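**Student:** Below is a structure I'd like to ask you about.
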Amino acid sequence: MTPLLSVENLSWRKVTKTGLFQKPSVFELQPVNFELQPGETMAIVGENGSGKSILAKLLVGAEIPTQGDIYLNGEKLAPDNIRERCLKIRMIFQHSQGSLNPAITLGSLLDEPLKLNTTLDSKERKEKIEQTLTMVGMLPDHAHYYRHMLSEGQRQRAALARALILNPQVLVADEPFAALDPSVRSQTVNLLLKLQNDLGLGFVFISHNLGIVRHISDRVLVMREGRVVESGKTNDIFTWPKTEYSQKIVSAYQTLTTKK
Ligand SMILES: Nc1ncnc2c1ncn2[C@@H]1O[C@H](COP(=O)(O)OP(=O)(O)OP(=O)(O)O)[C@@H](O)[C@H]1O
């Protein structure tokens with residue numbers, strides 16, 4: 001079966017010069033390889049600065065790889081065709097990072113990507129917005145709401161609606177659950193799982209929360225210092241971690257859960 005998403009030798013290198021007399025710092029993401037099937041979830045875990053966000057940005061086209069390719073349904077994505085990438089692989093932006101503009105209604109926010117990326121007329125766009133709001137468990141009326149009128153959970157759903165409005169095939173999220181209180185978190189997780197199931201979406205997310213990783217991901221990519229140190233099925237990684245680093249994070253997680 002052709003994978004939904006296939007990443008081959010994707011690498012990235014950046015030299016940053018901070019000051020005239022300072023040594024430039026170099027960060028290198030060593031070649032990453034993985035495959036994701038429709039409806040599958042892959043978690044990216046690892047210590048701070050290991051390159052998780054860079055990898056997420058490469059997937060959505062926010063950074064250009066130094067080398068390597070991304071294939072969607074077997075078709076190679078041009079590294080600089082941001083428009084095509086935006087339609088098919090979408091980032092879920094967190095409302096906590098200010099992605100919901102407080103000055104415009106939710107309807108206008110959802111209308112923006114439709115105006116930019118589709119040829120739908122205003123009636124069709126209105127229908128699409130209402131349909132997407134319903135899909136994430138909101139009401140068509142919420143299109144008239146401003147950010148301050150939405151609860152924490154509704155804002156999370158709005159962020160999801162924004163990611164889904166262009167019918168993507170893969171969703172990518174950087175710590176999507178970190179800022180949420182536990183009840184909203186479990187609602188969001190359940191909603192995501194349902195949508196994934198209904199729409200066959202691939203989901204790639206970065207998380208430090210190994211409880212959620214274990215609960216929802218099919219596969220895990222463990223990163224350290226710019227390289228993938230281990231990858232595999234979630235159950236295998238949690239039961240038989242092979243590398244020293246994976247063993248360390250899994251045993252820290254197990255200590256935490258057995259203490260509860
Ligand atoms: N645009 C950039 N230009 C240069 N260096 C960058 C850029 N973005 C990130 N880096 C560097 O790349 C390294 C990896 O960063 P990245 O944000 O991917 O880490 P991370 O694994 O997501 O960490 P965290 O868990 O703390 O978010 C860091 O050293 C960071 O300073």
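Ordered as shown in the structure tokens, chains take letters A, B, and onward, while each chain numbers its residues from 1 and ligands are numbered from 1 in the order shown.
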Skipping near chain neighbours, those fewer than 2 positions away, what residues fall within 9 Å of region 188-190 of chain A using only C-alpha atoms, listed as a ChimeraX atom specification?
**Tutor:** /A:153,156-157,177,183-186,192-195,212,216
**Student:** Which residues are near ligand 1 - at most 9 Å, using only C-alpha atoms and all ligand atoms? Format: as number ranges by chain.
**Tutor:** A: 13-16, 25-29, 44-57, 63, 174-175, 206-208, 223-226
**Student:** Filtering to N, CA and C atoms, could you give me those residues as a short mmCIF file (atom, residue, chain, number, x, y, z; two decimals), in the first residue's frame?
**Tutor:**
data_model
loop_
_atom_site.label_atom_id
_atom_site.label_comp_id
_atom_site.auth_asym_id
_atom_site.auth_seq_id
_atom_site.Cartn_x
_atom_site.Cartn_y
_atom_site.Cartn_z
N ARG A 13 20.12 22.15 7.60
CA ARG A 13 21.32 22.67 8.26
C ARG A 13 21.25 24.17 8.27
N LYS A 14 21.57 24.75 9.39
CA LYS A 14 21.55 26.21 9.44
C LYS A 14 22.71 26.71 10.28
N VAL A 15 23.39 27.70 9.73
CA VAL A 15 24.48 28.34 10.46
C VAL A 15 23.97 29.70 10.90
N THR A 16 24.01 29.96 12.20
CA THR A 16 23.53 31.25 12.68
C THR A 16 24.69 32.03 13.28
N SER A 25 26.90 29.46 15.29
CA SER A 25 26.40 28.18 15.78
C SER A 25 25.75 27.43 14.61
N VAL A 26 25.91 26.13 14.63
CA VAL A 26 25.39 25.32 13.53
C VAL A 26 24.39 24.32 14.10
N PHE A 27 23.22 24.22 13.48
CA PHE A 27 22.32 23.14 13.87
C PHE A 27 22.06 22.29 12.63
N GLU A 28 22.23 21.01 12.81
CA GLU A 28 22.02 20.09 11.70
C GLU A 28 20.98 19.05 12.05
N LEU A 29 19.97 18.94 11.21
CA LEU A 29 19.02 17.83 11.36
C LEU A 29 19.51 16.73 10.45
N ILE A 44 6.39 12.75 17.73
CA ILE A 44 7.83 13.05 17.74
C ILE A 44 8.17 13.46 19.17
N VAL A 45 9.06 12.71 19.79
CA VAL A 45 9.43 13.03 21.17
C VAL A 45 10.95 13.25 21.22
N GLY A 46 11.39 13.87 22.32
CA GLY A 46 12.83 14.08 22.46
C GLY A 46 13.10 15.33 23.26
N GLU A 47 14.37 15.48 23.63
CA GLU A 47 14.72 16.59 24.53
C GLU A 47 14.65 17.94 23.80
N ASN A 48 14.67 19.01 24.59
CA ASN A 48 14.60 20.35 24.03
C ASN A 48 15.77 20.58 23.07
N GLY A 49 15.46 21.22 21.96
CA GLY A 49 16.51 21.55 21.00
C GLY A 49 16.96 20.37 20.15
N SER A 50 16.18 19.27 20.16
CA SER A 50 16.62 18.10 19.39
C SER A 50 16.23 18.18 17.91
N GLY A 51 15.42 19.19 17.56
CA GLY A 51 15.07 19.36 16.15
C GLY A 51 13.64 18.96 15.81
N LYS A 52 12.81 18.76 16.84
CA LYS A 52 11.42 18.32 16.60
C LYS A 52 10.64 19.38 15.82
N SER A 53 10.75 20.64 16.27
CA SER A 53 9.99 21.71 15.60
C SER A 53 10.49 21.94 14.18
N ILE A 54 11.80 21.82 14.00
CA ILE A 54 12.36 21.98 12.65
C ILE A 54 11.74 20.93 11.72
N LEU A 55 11.66 19.70 12.20
CA LEU A 55 11.09 18.63 11.39
C LEU A 55 9.62 18.95 11.05
N ALA A 56 8.86 19.43 12.05
CA ALA A 56 7.46 19.79 11.80
C ALA A 56 7.39 20.91 10.75
N LYS A 57 8.28 21.88 10.87
CA LYS A 57 8.26 23.00 9.92
C LYS A 57 8.64 22.54 8.51
N GLU A 63 9.98 25.57 6.50
CA GLU A 63 11.43 25.58 6.31
C GLU A 63 11.72 24.72 5.08
N ASP A 174 2.51 21.13 16.89
CA ASP A 174 3.63 21.25 17.82
C ASP A 174 3.04 21.42 19.22
N GLU A 175 3.17 20.46 20.07
CA GLU A 175 2.62 20.48 21.44
C GLU A 175 1.15 20.93 21.46
N ILE A 206 4.13 16.73 17.99
CA ILE A 206 5.27 16.79 18.89
C ILE A 206 4.71 16.84 20.30
N SER A 207 5.29 16.07 21.20
CA SER A 207 4.80 16.15 22.56
C SER A 207 5.85 15.72 23.57
N HIS A 208 5.79 16.39 24.73
CA HIS A 208 6.63 15.96 25.85
C HIS A 208 5.81 15.08 26.79
N MET A 223 13.86 11.67 19.08
CA MET A 223 14.95 12.52 18.55
C MET A 223 15.88 13.00 19.63
N ARG A 224 17.12 13.14 19.26
CA ARG A 224 18.12 13.68 20.18
C ARG A 224 19.23 14.34 19.37
N GLU A 225 19.56 15.55 19.75
CA GLU A 225 20.65 16.30 19.10
C GLU A 225 20.60 16.25 17.58
N GLY A 226 19.41 16.51 17.05
CA GLY A 226 19.28 16.62 15.60
C GLY A 226 19.23 15.31 14.85
#
**Student:** Give me, as an MDAnalysis selection string, all polymer residues having an atom no more than 8 Å from Asn9 (chain A), counting only C-alpha atoms and skipping those fewer than 3 positions away in the same chain.
**Tutor:** chainID A and resid 31:33 67:69
**Student:** From the options A:Leu77, A:Ala179, A:Val204, A:Val250, which residue's atoms come nearest to Phe34 (chain A), counting only C-alpha atoms?
**Tutor:**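 Checking each of A:Leu77, A:Ala179, A:Val204, A:Val250 against Phe34 (chain A), counting only C-alpha atoms, the winner is A:Val204.
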**Student:** DSSP on the backbone: which residues in region 159-250 of chain A end up as helix (DSSP H, G or I)? Give the answer as a CSV table (one decimal) with N, CA and C atoms, in the first residue's frame.
**Tutor:**
chain,number,residue,atom,x,y,z
A,159,ALA,N,-9.2,26.3,16.3
A,159,ALA,CA,-7.9,26.1,15.7
A,159,ALA,C,-7.9,24.9,14.8
A,160,LEU,N,-8.7,23.9,15.2
A,160,LEU,CA,-8.8,22.7,14.4
A,160,LEU,C,-9.6,22.9,13.1
A,161,ALA,N,-10.6,23.7,13.3
A,161,ALA,CA,-11.4,24.1,12.1
A,161,ALA,C,-10.6,24.8,11.0
A,162,ARG,N,-9.7,25.7,11.6
A,162,ARG,CA,-8.8,26.4,10.7
A,162,ARG,C,-7.9,25.5,9.9
A,163,ALA,N,-7.4,24.5,10.6
A,163,ALA,CA,-6.5,23.5,10.0
A,163,ALA,C,-7.2,22.6,9.0
A,164,LEU,N,-8.5,22.4,9.2
A,164,LEU,CA,-9.3,21.4,8.4
A,164,LEU,C,-10.0,22.0,7.2
A,182,PRO,N,-7.0,19.7,31.8
A,182,PRO,CA,-7.2,18.3,31.5
A,182,PRO,C,-8.6,17.9,30.8
A,183,SER,N,-9.7,18.6,31.2
A,183,SER,CA,-10.9,18.2,30.6
A,183,SER,C,-11.0,18.6,29.1
A,184,VAL,N,-10.5,19.8,28.8
A,184,VAL,CA,-10.4,20.3,27.4
A,184,VAL,C,-9.5,19.4,26.6
A,185,ARG,N,-8.4,19.0,27.3
A,185,ARG,CA,-7.4,18.2,26.6
A,185,ARG,C,-8.0,16.8,26.2
A,186,SER,N,-8.7,16.2,27.1
A,186,SER,CA,-9.3,14.9,26.7
A,186,SER,C,-10.4,15.1,25.6
A,187,GLN,N,-11.1,16.2,25.7
A,187,GLN,CA,-12.1,16.4,24.6
A,187,GLN,C,-11.4,16.6,23.3
A,188,THR,N,-10.3,17.4,23.3
A,188,THR,CA,-9.6,17.7,22.0
A,188,THR,C,-9.0,16.4,21.5
A,189,VAL,N,-8.4,15.6,22.3
A,189,VAL,CA,-7.8,14.3,21.9
A,189,VAL,C,-8.9,13.4,21.3
A,190,ASN,N,-10.1,13.3,21.9
A,190,ASN,CA,-11.1,12.5,21.4
A,190,ASN,C,-11.7,13.0,20.1
A,191,LEU,N,-11.8,14.3,20.0
A,191,LEU,CA,-12.3,14.9,18.7
A,191,LEU,C,-11.3,14.6,17.6
A,192,LEU,N,-10.0,14.8,17.9
A,192,LEU,CA,-9.0,14.5,16.9
A,192,LEU,C,-9.0,13.1,16.4
A,193,LEU,N,-9.2,12.2,17.4
A,193,LEU,CA,-9.2,10.7,17.0
A,193,LEU,C,-10.4,10.4,16.1
A,194,LYS,N,-11.5,11.1,16.4
A,194,LYS,CA,-12.7,10.8,15.7
A,194,LYS,C,-12.6,11.4,14.2
A,195,LEU,N,-12.1,12.6,14.1
A,195,LEU,CA,-11.9,13.2,12.8
A,195,LEU,C,-10.9,12.4,12.0
A,196,GLN,N,-9.9,11.9,12.6
A,196,GLN,CA,-8.9,11.1,12.0
A,196,GLN,C,-9.5,9.9,11.4
A,197,ASN,N,-10.3,9.3,12.2
A,197,ASN,CA,-11.0,8.0,11.8
A,197,ASN,C,-12.0,8.3,10.6
A,198,ASP,N,-12.8,9.4,10.8
A,198,ASP,CA,-13.8,9.7,9.8
A,198,ASP,C,-13.1,10.1,8.4
A,199,LEU,N,-12.0,10.9,8.5
A,199,LEU,CA,-11.5,11.5,7.3
A,199,LEU,C,-10.2,10.8,6.8
A,210,LEU,N,4.4,11.9,27.5
A,210,LEU,CA,4.4,10.5,27.0
A,210,LEU,C,3.1,9.7,27.3
A,211,GLY,N,2.3,10.2,28.3
A,211,GLY,CA,1.1,9.6,28.5
A,211,GLY,C,0.2,9.7,27.3
A,212,ILE,N,0.1,10.9,26.8
A,212,ILE,CA,-0.7,11.1,25.6
A,212,ILE,C,-0.1,10.4,24.4
A,213,VAL,N,1.2,10.5,24.3
A,213,VAL,CA,1.9,9.8,23.2
A,213,VAL,C,1.5,8.3,23.1
A,214,ARG,N,1.6,7.7,24.3
A,214,ARG,CA,1.3,6.3,24.4
A,214,ARG,C,-0.2,6.0,24.1
A,215,HIS,N,-1.0,6.9,24.5
A,215,HIS,CA,-2.5,6.7,24.3
A,215,HIS,C,-2.9,6.8,22.9
A,216,ILE,N,-2.4,7.8,22.2
A,216,ILE,CA,-2.9,8.1,20.8
A,216,ILE,C,-2.0,7.8,19.6
A,234,THR,N,4.5,2.3,18.7
A,234,THR,CA,4.5,2.9,20.0
A,234,THR,C,4.7,1.8,21.1
A,235,ASN,N,4.0,0.7,20.9
A,235,ASN,CA,4.1,-0.4,21.9
A,235,ASN,C,5.5,-0.9,22.0
A,236,ASP,N,6.1,-1.1,20.9
A,236,ASP,CA,7.5,-1.6,20.9
A,236,ASP,C,8.5,-0.6,21.7
A,237,ILE,N,8.3,0.7,21.3
A,237,ILE,CA,9.2,1.7,22.0
A,237,ILE,C,9.0,1.7,23.5
A,238,PHE,N,7.7,1.6,23.9
A,238,PHE,CA,7.4,1.7,25.3
A,238,PHE,C,7.8,0.3,26.0
A,239,THR,N,7.7,-0.8,25.3
A,239,THR,CA,8.0,-2.0,26.0
A,239,THR,C,9.5,-2.5,25.8
A,244,GLU,N,19.8,3.7,24.5
A,244,GLU,CA,19.9,4.2,25.9
A,244,GLU,C,19.0,5.4,26.2
A,245,TYR,N,19.0,6.3,25.2
A,245,TYR,CA,18.1,7.5,25.4
A,245,TYR,C,16.6,7.2,25.5
A,246,SER,N,16.2,6.3,24.6
A,246,SER,CA,14.8,5.9,24.7
A,246,SER,C,14.5,5.2,26.0
A,247,GLN,N,15.4,4.3,26.5
A,247,GLN,CA,15.2,3.6,27.7
A,247,GLN,C,15.1,4.6,28.9
A,248,LYS,N,15.9,5.7,28.8
A,248,LYS,CA,15.9,6.7,29.8
A,248,LYS,C,14.5,7.4,29.9
A,249,ILE,N,14.0,7.9,28.7
A,249,ILE,CA,12.7,8.6,28.8
A,249,ILE,C,11.6,7.7,29.1
A,250,VAL,N,11.6,6.4,28.7
A,250,VAL,CA,10.5,5.5,29.0
A,250,VAL,C,10.5,5.2,30.5
**Student:** What does the structure give for the distance between CA of Leu5 (chain A) and CA of Leu36 (chain A), in Å to one decimal?
**Tutor:**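 Result for CA of Leu5 (chain A) versus CA of Leu36 (chain A): 5.0 Å, one decimal.
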**Student:** Enter the distance from CA of Gln37 (chain A) to CA of Ile89 (chain A), in Å, rounded to one decimal.
**Tutor:**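 Computing it gives 13.8 Å between the two atoms.
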**Student:** If you measure from CA of His142 (chain A) to CA of Ile129 (chain A), what distance in Å do you get, rounded to one decimal?
**Tutor:**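 Taking CA of His142 (chain A) as the start and CA of Ile129 (chain A) as the end point, the length is 10.1 Å.
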**Student:** Write out as a list in words the residues lying within 10 Å of Pro102 (chain A), counting only C-alpha atoms and excluding same-chain residues fewer than 3 positions away.
**Tutor:**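 Here the answer would be Gly98, Ser99, Thr105, Leu106, Leu109, Tyr145, Tyr146, Arg147, His148 and Met149 of chain A.
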**Student:** Which residue gives the smallest distance to Pro168 (chain A) among A:Leu116, A:Leu4, A:Leu139, A:Leu20, with only C-alpha atoms counted?
**Tutor:**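 The closest residue to Pro168 (chain A) is A:Leu4.
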